[in-house]
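Raw query_3.pdb, PDB, C-alpha atoms, pLDDT in the B column:
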ATOM      1  CA  MET A   1     -37.987 -18.240   2.438  1.00 87.00           C
ATOM      2  CA  THR A   2     -38.597 -17.567  -1.248  1.00 94.00           C
ATOM      3  CA  THR A   3     -36.636 -19.300  -3.999  1.00 94.00           C
ATOM      4  CA  GLU A   4     -34.757 -16.083  -4.726  1.00 94.00           C
ATOM      5  CA  GLU A   5     -33.788 -15.753  -1.064  1.00 94.00           C
ATOM      6  CA  ARG A   6     -32.635 -19.391  -0.976  1.00 94.00           C
ATOM      7  CA  ILE A   7     -30.563 -18.822  -4.117  1.00 95.00           C
ATOM      8  CA  GLU A   8     -28.906 -15.794  -2.548  1.00 95.00           C
ATOM      9  CA  ALA A   9     -28.339 -17.564   0.783  1.00 96.00           C
ATOM     10  CA  SER A  10     -26.767 -20.580  -0.917  1.00 97.00           C
ATOM     11  CA  GLU A  11     -23.860 -18.654  -2.468  1.00 97.00           C
ATOM     12  CA  THR A  12     -20.655 -20.219  -1.196  1.00 98.00           C
ATOM     13  CA  ARG A  13     -17.112 -18.842  -1.113  1.00 98.00           C
ATOM     14  CA  ILE A  14     -14.089 -20.914  -0.210  1.00 98.00           C
ATOM     15  CA  PHE A  15     -10.445 -19.880  -0.200  1.00 98.00           C
ATOM     16  CA  LYS A  16      -7.742 -22.491  -0.795  1.00 98.00           C
ATOM     17  CA  ALA A  17      -3.969 -22.214  -0.973  1.00 98.00           C
ATOM     18  CA  VAL A  18      -2.141 -24.075  -3.738  1.00 98.00           C
ATOM     19  CA  PHE A  19       0.591 -26.110  -2.053  1.00 98.00           C
ATOM     20  CA  PRO A  20       3.448 -27.939  -3.826  1.00 97.00           C
ATOM     21  CA  ASN A  21       1.891 -31.364  -3.156  1.00 97.00           C
ATOM     22  CA  THR A  22      -1.064 -30.381  -5.403  1.00 97.00           C
ATOM     23  CA  THR A  23       1.051 -29.231  -8.350  1.00 98.00           C
ATOM     24  CA  ASN A  24       2.469 -30.919 -11.423  1.00 98.00           C
ATOM     25  CA  HIS A  25       5.970 -30.780 -12.918  1.00 98.00           C
ATOM     26  CA  TYR A  26       5.217 -27.270 -14.243  1.00 98.00           C
ATOM     27  CA  ASP A  27       4.615 -26.161 -10.622  1.00 98.00           C
ATOM     28  CA  THR A  28       0.946 -25.462 -11.396  1.00 98.00           C
ATOM     29  CA  LEU A  29      -2.215 -26.923  -9.875  1.00 98.00           C
ATOM     30  CA  PHE A  30      -3.214 -30.358 -11.172  1.00 98.00           C
ATOM     31  CA  GLY A  31      -6.372 -30.162 -13.313  1.00 97.00           C
ATOM     32  CA  GLY A  32      -7.941 -32.993 -11.335  1.00 97.00           C
ATOM     33  CA  THR A  33      -7.355 -31.124  -8.091  1.00 98.00           C
ATOM     34  CA  ALA A  34      -8.972 -28.020  -9.595  1.00 98.00           C
ATOM     35  CA  MET A  35     -11.983 -30.143 -10.554  1.00 97.00           C
ATOM     36  CA  GLN A  36     -12.168 -31.558  -7.019  1.00 97.00           C
ATOM     37  CA  LEU A  37     -12.192 -28.036  -5.563  1.00 98.00           C
ATOM     38  CA  MET A  38     -14.924 -26.973  -7.997  1.00 97.00           C
ATOM     39  CA  ASP A  39     -16.987 -30.018  -7.055  1.00 97.00           C
ATOM     40  CA  GLU A  40     -16.555 -29.257  -3.352  1.00 97.00           C
ATOM     41  CA  VAL A  41     -17.843 -25.678  -3.609  1.00 98.00           C
ATOM     42  CA  ALA A  42     -20.669 -26.787  -5.934  1.00 97.00           C
ATOM     43  CA  PHE A  43     -21.699 -29.478  -3.433  1.00 98.00           C
ATOM     44  CA  ILE A  44     -21.864 -26.983  -0.566  1.00 98.00           C
ATOM     45  CA  ALA A  45     -23.880 -24.448  -2.594  1.00 98.00           C
ATOM     46  CA  ALA A  46     -26.293 -27.125  -3.841  1.00 98.00           C
ATOM     47  CA  THR A  47     -26.743 -28.569  -0.344  1.00 97.00           C
ATOM     48  CA  ARG A  48     -27.428 -25.134   1.107  1.00 97.00           C
ATOM     49  CA  PHE A  49     -30.038 -24.513  -1.584  1.00 97.00           C
ATOM     50  CA  ALA A  50     -31.746 -27.916  -1.638  1.00 96.00           C
ATOM     51  CA  ARG A  51     -31.419 -28.675   2.079  1.00 95.00           C
ATOM     52  CA  LYS A  52     -31.180 -32.326   1.097  1.00 96.00           C
ATOM     53  CA  ARG A  53     -28.465 -34.763   0.170  1.00 96.00           C
ATOM     54  CA  VAL A  54     -26.985 -34.009  -3.226  1.00 97.00           C
ATOM     55  CA  VAL A  55     -24.405 -35.725  -5.414  1.00 96.00           C
ATOM     56  CA  THR A  56     -22.548 -34.817  -8.570  1.00 96.00           C
ATOM     57  CA  VAL A  57     -23.996 -36.886 -11.390  1.00 96.00           C
ATOM     58  CA  SER A  58     -21.993 -35.374 -14.230  1.00 93.00           C
ATOM     59  CA  SER A  59     -20.150 -32.312 -15.390  1.00 90.00           C
ATOM     60  CA  ASP A  60     -20.561 -31.073 -18.904  1.00 90.00           C
ATOM     61  CA  LYS A  61     -17.465 -29.314 -20.179  1.00 93.00           C
ATOM     62  CA  ILE A  62     -14.514 -27.779 -18.399  1.00 94.00           C
ATOM     63  CA  ASP A  63     -11.954 -25.673 -20.234  1.00 96.00           C
ATOM     64  CA  PHE A  64      -8.851 -24.746 -18.269  1.00 95.00           C
ATOM     65  CA  LYS A  65      -7.989 -21.252 -19.495  1.00 96.00           C
ATOM     66  CA  ARG A  66      -5.109 -20.375 -17.138  1.00 96.00           C
ATOM     67  CA  SER A  67      -2.650 -22.276 -15.028  1.00 97.00           C
ATOM     68  CA  ILE A  68      -2.603 -21.688 -11.273  1.00 98.00           C
ATOM     69  CA  PRO A  69       0.928 -21.584  -9.847  1.00 98.00           C
ATOM     70  CA  ALA A  70       1.957 -22.972  -6.468  1.00 98.00           C
ATOM     71  CA  GLY A  71       1.627 -20.413  -3.700  1.00 98.00           C
ATOM     72  CA  THR A  72      -1.541 -18.893  -5.127  1.00 98.00           C
ATOM     73  CA  ILE A  73      -4.598 -18.391  -2.942  1.00 99.00           C
ATOM     74  CA  VAL A  74      -7.659 -19.361  -4.972  1.00 98.00           C
ATOM     75  CA  GLU A  75     -11.204 -18.142  -4.310  1.00 98.00           C
ATOM     76  CA  LEU A  76     -13.924 -20.577  -5.361  1.00 98.00           C
ATOM     77  CA  ILE A  77     -17.469 -19.242  -5.699  1.00 98.00           C
ATOM     78  CA  GLY A  78     -20.468 -21.552  -5.939  1.00 98.00           C
ATOM     79  CA  LYS A  79     -23.868 -20.234  -7.032  1.00 97.00           C
ATOM     80  CA  VAL A  80     -27.170 -21.910  -7.828  1.00 94.00           C
TER      81      VAL A  80
END
Rewritten as C-alpha cells:
Amino acid sequence: MTTEERIEASETRIFKAVFPNTTNHYDTLFGGTAMQLMDEVAFIAATRFARKRVVTVSSDKIDFKRSIPAGTIVELIGKV
C-alpha cells in the first residue's frame, strides 16, 4: 500500500451525541470534553496510518469558535 493509499484509508469519522452530563452551566459542551473527543479521533486516524502504538505528545493551539449545545450530534473527522 502506498503512502497516499494509507493516508486515504486512515481517515476516521466518529459521531457523538452531546448529553447533559457533558455540558456546562450554559448547556454547551465542556471544552475539555471537546478536546478529549478530538484526541480520540486523532488517535484512531494516527493508529490506522502508522499501524503502531501512538500517543498524543502535545497539541499546539485550539480555538473554540462556536459552542455546541446539548442534544447536538457531532461528527469528528480525523485525517493524517
Resolved residues for the PyMOL selection byres ((chain A and resi 49) around 8) as JSON, numbers by chain: {"A": [6, 7, 9, 10, 45, 46, 47, 48, 50, 51, 80]}
Output check: residues returned by the PyMOL selection byres ((chain A and resi 58-69) around 7), as a ChimeraX atom specification: /A:27-29,56-57,70-72
CA of Thr33 in chain A to CA of Leu76 in chain A, straight-line distance in Å: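 Rounded to one decimal, the two atoms are 12.7 Å apart.
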One-decimal distance in Å that lies between CA of Thr2 in chain A and CA of Glu40 in chain A: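 CA of Thr2 in chain A lies at a distance of 25.0 Å from CA of Glu40 in chain A.
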d(CA of Lys52 in chain A, CA of Val74 in chain A) in Å: 27.5 Å
As a PDB file, in the coordinates of the input, the rebuilt range 21-47 of chain A with N, CA and C atoms:
ATOM      1  N   ASN A  21       2.345 -29.975  -3.000  1.00 97.00           N
ATOM      2  CA  ASN A  21       1.891 -31.364  -3.156  1.00 97.00           C
ATOM      3  C   ASN A  21       0.657 -31.479  -4.056  1.00 97.00           C
ATOM      4  N   THR A  22       0.081 -30.345  -4.487  1.00 97.00           N
ATOM      5  CA  THR A  22      -1.064 -30.381  -5.403  1.00 97.00           C
ATOM      6  C   THR A  22      -0.696 -29.843  -6.787  1.00 97.00           C
ATOM      7  N   THR A  23       0.614 -29.767  -7.061  1.00 98.00           N
ATOM      8  CA  THR A  23       1.051 -29.231  -8.350  1.00 98.00           C
ATOM      9  C   THR A  23       1.779 -30.284  -9.180  1.00 98.00           C
ATOM     10  N   ASN A  24       1.808 -30.021 -10.477  1.00 98.00           N
ATOM     11  CA  ASN A  24       2.469 -30.919 -11.423  1.00 98.00           C
ATOM     12  C   ASN A  24       3.929 -30.489 -11.648  1.00 98.00           C
ATOM     13  N   HIS A  25       4.555 -31.081 -12.650  1.00 98.00           N
ATOM     14  CA  HIS A  25       5.970 -30.780 -12.918  1.00 98.00           C
ATOM     15  C   HIS A  25       6.191 -29.370 -13.476  1.00 98.00           C
ATOM     16  N   TYR A  26       5.120 -28.672 -13.837  1.00 98.00           N
ATOM     17  CA  TYR A  26       5.217 -27.270 -14.243  1.00 98.00           C
ATOM     18  C   TYR A  26       5.019 -26.332 -13.054  1.00 98.00           C
ATOM     19  N   ASP A  27       4.845 -26.910 -11.861  1.00 98.00           N
ATOM     20  CA  ASP A  27       4.615 -26.161 -10.622  1.00 98.00           C
ATOM     21  C   ASP A  27       3.284 -25.400 -10.665  1.00 98.00           C
ATOM     22  N   THR A  28       2.300 -26.017 -11.344  1.00 98.00           N
ATOM     23  CA  THR A  28       0.946 -25.462 -11.396  1.00 98.00           C
ATOM     24  C   THR A  28      -0.045 -26.512 -10.898  1.00 98.00           C
ATOM     25  N   LEU A  29      -1.197 -26.056 -10.457  1.00 98.00           N
ATOM     26  CA  LEU A  29      -2.215 -26.923  -9.875  1.00 98.00           C
ATOM     27  C   LEU A  29      -2.642 -28.015 -10.851  1.00 98.00           C
ATOM     28  N   PHE A  30      -2.701 -29.253 -10.366  1.00 98.00           N
ATOM     29  CA  PHE A  30      -3.214 -30.358 -11.172  1.00 98.00           C
ATOM     30  C   PHE A  30      -4.648 -30.049 -11.598  1.00 98.00           C
ATOM     31  N   GLY A  31      -5.003 -30.366 -12.832  1.00 97.00           N
ATOM     32  CA  GLY A  31      -6.372 -30.162 -13.313  1.00 97.00           C
ATOM     33  C   GLY A  31      -7.385 -30.950 -12.505  1.00 97.00           C
ATOM     34  N   GLY A  32      -7.033 -32.170 -12.132  1.00 97.00           N
ATOM     35  CA  GLY A  32      -7.941 -32.993 -11.335  1.00 97.00           C
ATOM     36  C   GLY A  32      -8.201 -32.399  -9.963  1.00 97.00           C
ATOM     37  N   THR A  33      -7.183 -31.789  -9.388  1.00 98.00           N
ATOM     38  CA  THR A  33      -7.355 -31.124  -8.091  1.00 98.00           C
ATOM     39  C   THR A  33      -8.259 -29.908  -8.246  1.00 98.00           C
ATOM     40  N   ALA A  34      -8.092 -29.166  -9.330  1.00 98.00           N
ATOM     41  CA  ALA A  34      -8.972 -28.020  -9.595  1.00 98.00           C
ATOM     42  C   ALA A  34     -10.421 -28.485  -9.728  1.00 98.00           C
ATOM     43  N   MET A  35     -10.630 -29.602 -10.407  1.00 97.00           N
ATOM     44  CA  MET A  35     -11.983 -30.143 -10.554  1.00 97.00           C
ATOM     45  C   MET A  35     -12.554 -30.573  -9.203  1.00 97.00           C
ATOM     46  N   GLN A  36     -11.726 -31.153  -8.357  1.00 97.00           N
ATOM     47  CA  GLN A  36     -12.168 -31.558  -7.019  1.00 97.00           C
ATOM     48  C   GLN A  36     -12.606 -30.338  -6.206  1.00 97.00           C
ATOM     49  N   LEU A  37     -11.840 -29.258  -6.282  1.00 98.00           N
ATOM     50  CA  LEU A  37     -12.192 -28.036  -5.563  1.00 98.00           C
ATOM     51  C   LEU A  37     -13.500 -27.447  -6.088  1.00 98.00           C
ATOM     52  N   MET A  38     -13.678 -27.467  -7.411  1.00 97.00           N
ATOM     53  CA  MET A  38     -14.924 -26.973  -7.997  1.00 97.00           C
ATOM     54  C   MET A  38     -16.110 -27.812  -7.539  1.00 97.00           C
ATOM     55  N   ASP A  39     -15.916 -29.122  -7.493  1.00 97.00           N
ATOM     56  CA  ASP A  39     -16.987 -30.018  -7.055  1.00 97.00           C
ATOM     57  C   ASP A  39     -17.336 -29.773  -5.590  1.00 97.00           C
ATOM     58  N   GLU A  40     -16.326 -29.511  -4.778  1.00 97.00           N
ATOM     59  CA  GLU A  40     -16.555 -29.257  -3.352  1.00 97.00           C
ATOM     60  C   GLU A  40     -17.410 -28.012  -3.135  1.00 97.00           C
ATOM     61  N   VAL A  41     -17.073 -26.913  -3.792  1.00 98.00           N
ATOM     62  CA  VAL A  41     -17.843 -25.678  -3.609  1.00 98.00           C
ATOM     63  C   VAL A  41     -19.236 -25.820  -4.225  1.00 98.00           C
ATOM     64  N   ALA A  42     -19.352 -26.549  -5.327  1.00 97.00           N
ATOM     65  CA  ALA A  42     -20.669 -26.787  -5.934  1.00 97.00           C
ATOM     66  C   ALA A  42     -21.549 -27.621  -5.012  1.00 97.00           C
ATOM     67  N   PHE A  43     -20.957 -28.633  -4.377  1.00 98.00           N
ATOM     68  CA  PHE A  43     -21.699 -29.478  -3.433  1.00 98.00           C
ATOM     69  C   PHE A  43     -22.254 -28.653  -2.275  1.00 98.00           C
ATOM     70  N   ILE A  44     -21.425 -27.790  -1.707  1.00 98.00           N
ATOM     71  CA  ILE A  44     -21.864 -26.983  -0.566  1.00 98.00           C
ATOM     72  C   ILE A  44     -22.985 -26.033  -0.981  1.00 98.00           C
ATOM     73  N   ALA A  45     -22.841 -25.369  -2.122  1.00 98.00           N
ATOM     74  CA  ALA A  45     -23.880 -24.448  -2.594  1.00 98.00           C
ATOM     75  C   ALA A  45     -25.185 -25.191  -2.877  1.00 98.00           C
ATOM     76  N   ALA A  46     -25.092 -26.344  -3.523  1.00 98.00           N
ATOM     77  CA  ALA A  46     -26.293 -27.125  -3.841  1.00 98.00           C
ATOM     78  C   ALA A  46     -26.973 -27.640  -2.581  1.00 98.00           C
ATOM     79  N   THR A  47     -26.184 -28.075  -1.605  1.00 97.00           N
ATOM     80  CA  THR A  47     -26.743 -28.569  -0.344  1.00 97.00           C
ATOM     81  C   THR A  47     -27.422 -27.442   0.421  1.00 97.00           C
TER      82      THR A  47
END
